[in-house]
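Below is one structure, written out as C-alpha cells; comments come after it.
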Amino acid sequence: MNLQDNDFDLFGLSLRFAQAGATLDARWKALQAQVHPDRFAAQGDAAKRLAMQCSVRVNEAYQRLRDPLKRAAYLCALRGAPVQAEKNTAMPADFLLRQMQWRERLDEASAHSELAGLVAQVKTERDAILQECERQLDIENNPAAAAQQVRSVMFLERFLQEAGERMVALNP
C-alpha cells in the first residue's frame with residue numbers, strides 16, 4: 001500500500017464522482033482486513049506503527065469517498081480547482097435569492113411541519129446540485145464549475161444543520 005496514493009487509487013477506483021456505496025464499503029473492508037493493527041500485534045513496533053498509519057489512511061480516504069460533498073471537493077482539488085470556500089464566497093444571484101427566502105422561512109417558522117417542508121425543499125435542491133456536480137466532474141470535466149456547485153452544497157448543508165437544530169428546539 002502506498003500511503004501517498006490519492007484516495008481513488010488507494011481504493012482501486014476510477015477518478016469519478018459517481019461511485020457505488022456498496023463497492024466503497026467492500027473495498028474499505030478488504031483494505032482494513034489487510035492493514036488492521038490487530039494483524040500486526042505480534043510484530044515489532046515499526047510494523048505496528050506502519051499498520052496504524054495505513055489503517056488511519058484507509059479510514060480517512062473512506063470518509064472522504066463515502067460522503068458525496070467531500071468526494072466532490074476532493075475531486076475538484078485533484079483536478080486543479082480547489083473549492084476554497086473560505087476565500088471564494090461568490091454565488092449565483094438566483095441561488096442567493098433562494099438562500100434569502102429560505103432564511104426568512106427558517107426565521108419565521110413556528111411549527112415543526114413548516115420546518116419539515118422547508119428541509120424537504122432544501123434537500124431536494126441539494127440533491128439536484130450534487131447531480132449537476134456529478135455532470136460537471138464526470139461528463140463535462142469542468143472542475144471549476146463543480147467547485148462552485150460544491151460551495152453551494154456546503155451552504156445547504158450548514159443551512160440543513162441549522163434547520164435541524166431549530167426543529168429540535170421546537171419539539172416539546
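Ligands are numbered from 1 in the order shown, residues from 1 within each chain, and chains are lettered A, B, ... in the order they appear in the C-alpha cells.
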
(message) At a cut-off of 12 Å, using only C-alpha atoms, what residues contact A:Arg103? Leave out same-chain residues fewer than 2 positions from it and give the result as a PyMOL selection string.
(response) chain A and resi 96-101+105-109+115+118-119+122+155-156+158-160+162-163

(request) Might you pull out every residue within 12 Å of A:His112, with only C-alpha atoms counted and same-chain residues fewer than 5 positions away left off, and present them as a PyMOL selection string? (result) chain A and resi 106+117-119+163-172

Those residues with all heavy atoms, as an mmCIF file, in the first residue's frame please?
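What ended up in part-v6.cif:
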data_model
loop_
_atom_site.group_PDB
_atom_site.id
_atom_site.type_symbol
_atom_site.label_atom_id
_atom_site.label_comp_id
_atom_site.auth_asym_id
_atom_site.auth_seq_id
_atom_site.Cartn_x
_atom_site.Cartn_y
_atom_site.Cartn_z
ATOM 1 N N LEU A 106 -37.052 30.038 7.557
ATOM 2 C CA LEU A 106 -36.493 29.428 8.762
ATOM 3 C C LEU A 106 -36.746 30.317 9.972
ATOM 4 O O LEU A 106 -37.171 29.837 11.023
ATOM 5 C CB LEU A 106 -34.989 29.181 8.588
ATOM 6 C CG LEU A 106 -34.262 28.546 9.771
ATOM 7 C CD1 LEU A 106 -34.806 27.162 10.080
ATOM 8 C CD2 LEU A 106 -32.762 28.478 9.484
ATOM 9 N N GLY A 117 -41.231 20.900 5.863
ATOM 10 C CA GLY A 117 -41.413 21.228 4.451
ATOM 11 C C GLY A 117 -40.216 21.972 3.883
ATOM 12 O O GLY A 117 -39.780 21.707 2.760
ATOM 13 N N LEU A 118 -39.694 22.902 4.650
ATOM 14 C CA LEU A 118 -38.517 23.658 4.229
ATOM 15 C C LEU A 118 -37.316 22.732 4.075
ATOM 16 O O LEU A 118 -36.581 22.798 3.083
ATOM 17 C CB LEU A 118 -38.222 24.772 5.236
ATOM 18 C CG LEU A 118 -36.963 25.602 4.998
ATOM 19 C CD1 LEU A 118 -37.010 26.306 3.650
ATOM 20 C CD2 LEU A 118 -36.776 26.600 6.132
ATOM 21 N N VAL A 119 -37.111 21.857 5.047
ATOM 22 C CA VAL A 119 -35.991 20.911 4.991
ATOM 23 C C VAL A 119 -36.107 20.026 3.754
ATOM 24 O O VAL A 119 -35.124 19.798 3.042
ATOM 25 C CB VAL A 119 -35.908 20.075 6.291
ATOM 26 C CG1 VAL A 119 -35.017 18.862 6.123
ATOM 27 C CG2 VAL A 119 -35.418 20.952 7.438
ATOM 28 N N ALA A 163 -31.475 24.201 10.441
ATOM 29 C CA ALA A 163 -32.904 23.860 10.426
ATOM 30 C C ALA A 163 -33.179 22.673 11.341
ATOM 31 O O ALA A 163 -34.193 22.652 12.054
ATOM 32 C CB ALA A 163 -33.370 23.570 9.000
ATOM 33 N N GLY A 164 -32.279 21.687 11.326
ATOM 34 C CA GLY A 164 -32.436 20.545 12.219
ATOM 35 C C GLY A 164 -32.382 20.947 13.685
ATOM 36 O O GLY A 164 -33.169 20.452 14.515
ATOM 37 N N GLU A 165 -31.468 21.847 14.010
ATOM 38 C CA GLU A 165 -31.378 22.346 15.390
ATOM 39 C C GLU A 165 -32.659 23.097 15.779
ATOM 40 O O GLU A 165 -33.143 22.975 16.889
ATOM 41 C CB GLU A 165 -30.151 23.247 15.531
ATOM 42 C CG GLU A 165 -28.841 22.504 15.439
ATOM 43 C CD GLU A 165 -27.631 23.398 15.284
ATOM 44 O OE1 GLU A 165 -27.781 24.648 15.270
ATOM 45 O OE2 GLU A 165 -26.519 22.853 15.151
ATOM 46 N N ARG A 166 -33.177 23.829 14.818
ATOM 47 C CA ARG A 166 -34.423 24.562 15.077
ATOM 48 C C ARG A 166 -35.595 23.604 15.276
ATOM 49 O O ARG A 166 -36.448 23.832 16.128
ATOM 50 C CB ARG A 166 -34.692 25.525 13.907
ATOM 51 C CG ARG A 166 -35.905 26.365 14.038
ATOM 52 C CD ARG A 166 -35.605 27.642 14.842
ATOM 53 N NE ARG A 166 -36.823 28.326 15.153
ATOM 54 C CZ ARG A 166 -37.442 29.187 14.346
ATOM 55 N NH1 ARG A 166 -36.909 29.473 13.171
ATOM 56 N NH2 ARG A 166 -38.562 29.750 14.715
ATOM 57 N N MET A 167 -35.617 22.518 14.509
ATOM 58 C CA MET A 167 -36.675 21.522 14.664
ATOM 59 C C MET A 167 -36.612 20.892 16.062
ATOM 60 O O MET A 167 -37.631 20.689 16.697
ATOM 61 C CB MET A 167 -36.559 20.440 13.577
ATOM 62 C CG MET A 167 -36.984 20.916 12.205
ATOM 63 S SD MET A 167 -36.762 19.659 10.942
ATOM 64 C CE MET A 167 -38.326 18.810 11.086
ATOM 65 N N VAL A 168 -35.407 20.588 16.507
ATOM 66 C CA VAL A 168 -35.239 20.012 17.845
ATOM 67 C C VAL A 168 -35.731 21.001 18.906
ATOM 68 O O VAL A 168 -36.401 20.621 19.857
ATOM 69 C CB VAL A 168 -33.759 19.626 18.089
ATOM 70 C CG1 VAL A 168 -33.505 19.309 19.538
ATOM 71 C CG2 VAL A 168 -33.373 18.445 17.204
ATOM 72 N N ALA A 169 -35.406 22.267 18.704
ATOM 73 C CA ALA A 169 -35.821 23.295 19.675
ATOM 74 C C ALA A 169 -37.341 23.447 19.720
ATOM 75 O O ALA A 169 -37.905 23.785 20.771
ATOM 76 C CB ALA A 169 -35.175 24.623 19.339
ATOM 77 N N LEU A 170 -38.020 23.189 18.597
ATOM 78 C CA LEU A 170 -39.479 23.311 18.558
ATOM 79 C C LEU A 170 -40.196 22.120 19.179
ATOM 80 O O LEU A 170 -41.357 22.231 19.554
ATOM 81 C CB LEU A 170 -39.981 23.485 17.122
ATOM 82 C CG LEU A 170 -39.805 24.868 16.515
ATOM 83 C CD1 LEU A 170 -40.301 24.861 15.069
ATOM 84 C CD2 LEU A 170 -40.540 25.932 17.323
ATOM 85 N N ASN A 171 -39.507 20.991 19.256
ATOM 86 C CA ASN A 171 -40.148 19.799 19.840
ATOM 87 C C ASN A 171 -40.340 20.006 21.348
ATOM 88 O O ASN A 171 -39.441 20.501 22.022
ATOM 89 C CB ASN A 171 -39.306 18.553 19.581
ATOM 90 C CG ASN A 171 -39.506 18.024 18.174
ATOM 91 O OD1 ASN A 171 -40.505 18.305 17.534
ATOM 92 N ND2 ASN A 171 -38.554 17.257 17.718
ATOM 93 N N PRO A 172 -41.500 19.591 21.848
ATOM 94 C CA PRO A 172 -41.760 19.760 23.285
ATOM 95 C C PRO A 172 -40.879 18.878 24.159
ATOM 96 O O PRO A 172 -40.337 17.929 23.814
ATOM 97 C CB PRO A 172 -43.219 19.368 23.447
ATOM 98 C CG PRO A 172 -43.628 18.677 22.193
ATOM 99 C CD PRO A 172 -42.607 18.989 21.154
#

(message) I'd like the contact shell of A:Leu75 - 9 Å cut-off, only C-alpha atoms, skipping same-chain residues fewer than 5 positions apart - returned as a PyMOL selection string.
(response) chain A and resi 15-17+70+80-82+137+143

(request) Just give me the gap between atom CA of A:Met52 and atom CA of A:Asp38 in Å, one decimal is fine. (result)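 Atom-to-atom, atom CA of A:Met52 to atom CA of A:Asp38, that is 9.2 Å.
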
(request) With a distance cut-off of 9 Å and only C-alpha atoms, select the neighbouring residues of A:Tyr62, excluding the residue or stretch itself and same-chain residues fewer than 2 positions from it, and output the selection as a PyMOL selection string. (result) chain A and resi 7+11+24-25+28+57-60+64-67

(request) Name the residues of stretch 49-166 of chain A that come out as alpha helix (DSSP H) in a backbone DSSP run; write them as number ranges by chain. (result) A: 49-66, 68-78, 93-108, 112-134, 143-166

Please, could you write that set of residues out with C-alpha atoms as a short mmCIF file (atom, residue, chain, number, x, y, z; two decimals), in the first residue's frame?
data_model
loop_
_atom_site.label_atom_id
_atom_site.label_comp_id
_atom_site.auth_asym_id
_atom_site.auth_seq_id
_atom_site.Cartn_x
_atom_site.Cartn_y
_atom_site.Cartn_z
CA ARG A 49 3.19 1.87 13.66
CA LEU A 50 3.05 1.30 9.91
CA ALA A 51 -0.14 -0.73 10.27
CA MET A 52 -1.67 2.07 12.35
CA GLN A 53 -0.69 4.67 9.72
CA CYS A 54 -2.15 2.54 6.94
CA SER A 55 -5.35 1.93 8.88
CA VAL A 56 -5.77 5.64 9.60
CA ARG A 57 -5.07 6.49 5.94
CA VAL A 58 -7.65 3.95 4.73
CA ASN A 59 -10.26 5.30 7.18
CA GLU A 60 -9.61 8.91 6.15
CA ALA A 61 -9.89 8.02 2.47
CA TYR A 62 -13.08 6.07 3.11
CA GLN A 63 -14.68 9.01 4.94
CA ARG A 64 -13.80 11.34 2.06
CA LEU A 65 -15.00 8.96 -0.65
CA ARG A 66 -18.19 7.91 1.13
CA PRO A 68 -20.64 12.96 -1.78
CA LEU A 69 -19.76 16.51 -0.75
CA LYS A 70 -16.28 15.59 0.47
CA ARG A 71 -15.74 13.38 -2.60
CA ALA A 72 -16.71 16.22 -4.95
CA ALA A 73 -14.47 18.72 -3.17
CA TYR A 74 -11.58 16.23 -3.23
CA LEU A 75 -12.06 15.58 -6.95
CA CYS A 76 -12.13 19.30 -7.68
CA ALA A 77 -8.84 19.71 -5.83
CA LEU A 78 -7.26 16.72 -7.60
CA ALA A 93 -27.72 35.62 -7.94
CA ASP A 94 -30.61 33.16 -8.20
CA PHE A 95 -29.05 30.95 -5.53
CA LEU A 96 -28.56 33.96 -3.25
CA LEU A 97 -32.22 34.90 -3.69
CA ARG A 98 -33.38 31.37 -2.79
CA GLN A 99 -30.97 31.42 0.16
CA MET A 100 -32.57 34.63 1.47
CA GLN A 101 -36.05 33.16 1.06
CA TRP A 102 -35.08 30.02 2.93
CA ARG A 103 -33.56 32.08 5.73
CA GLU A 104 -36.77 34.09 6.06
CA ARG A 105 -38.83 30.91 6.17
CA LEU A 106 -36.49 29.43 8.76
CA ASP A 107 -36.70 32.55 10.92
CA GLU A 108 -40.49 32.73 10.64
CA HIS A 112 -42.44 21.54 13.10
CA SER A 113 -44.43 20.92 9.90
CA GLU A 114 -43.26 24.23 8.42
CA LEU A 115 -39.66 23.34 9.09
CA ALA A 116 -40.12 19.82 7.74
CA GLY A 117 -41.41 21.23 4.45
CA LEU A 118 -38.52 23.66 4.23
CA VAL A 119 -35.99 20.91 4.99
CA ALA A 120 -37.51 18.69 2.29
CA GLN A 121 -37.28 21.52 -0.25
CA VAL A 122 -33.66 22.30 0.60
CA LYS A 123 -32.70 18.60 0.48
CA THR A 124 -34.24 18.37 -2.98
CA GLU A 125 -32.18 21.40 -4.05
CA ARG A 126 -29.03 19.88 -2.53
CA ASP A 127 -29.57 16.61 -4.39
CA ALA A 128 -30.11 18.45 -7.69
CA ILE A 129 -26.91 20.44 -7.19
CA LEU A 130 -24.98 17.25 -6.42
CA GLN A 131 -26.31 15.76 -9.67
CA GLU A 132 -25.08 18.84 -11.52
CA CYS A 133 -21.75 18.48 -9.75
CA GLU A 134 -21.55 14.88 -10.97
CA PRO A 143 -13.84 21.06 -12.05
CA ALA A 144 -14.12 24.85 -11.70
CA ALA A 145 -17.88 24.70 -12.33
CA ALA A 146 -18.13 21.71 -10.00
CA ALA A 147 -16.27 23.66 -7.29
CA GLN A 148 -18.98 26.34 -7.49
CA GLN A 149 -21.60 23.63 -7.03
CA VAL A 150 -19.69 22.25 -4.04
CA ARG A 151 -19.68 25.68 -2.39
CA SER A 152 -23.46 25.83 -2.86
CA VAL A 153 -23.91 22.40 -1.29
CA MET A 154 -21.70 23.42 1.62
CA PHE A 155 -24.05 26.29 2.31
CA LEU A 156 -27.07 23.99 2.06
CA GLU A 157 -25.52 21.52 4.49
CA ARG A 158 -24.97 24.29 7.04
CA PHE A 159 -28.50 25.51 6.50
CA LEU A 160 -29.91 21.99 6.97
CA GLN A 161 -27.95 21.65 10.20
CA GLU A 162 -29.42 24.93 11.48
CA ALA A 163 -32.90 23.86 10.43
CA GLY A 164 -32.44 20.55 12.22
CA GLU A 165 -31.38 22.35 15.39
CA ARG A 166 -34.42 24.56 15.08
#
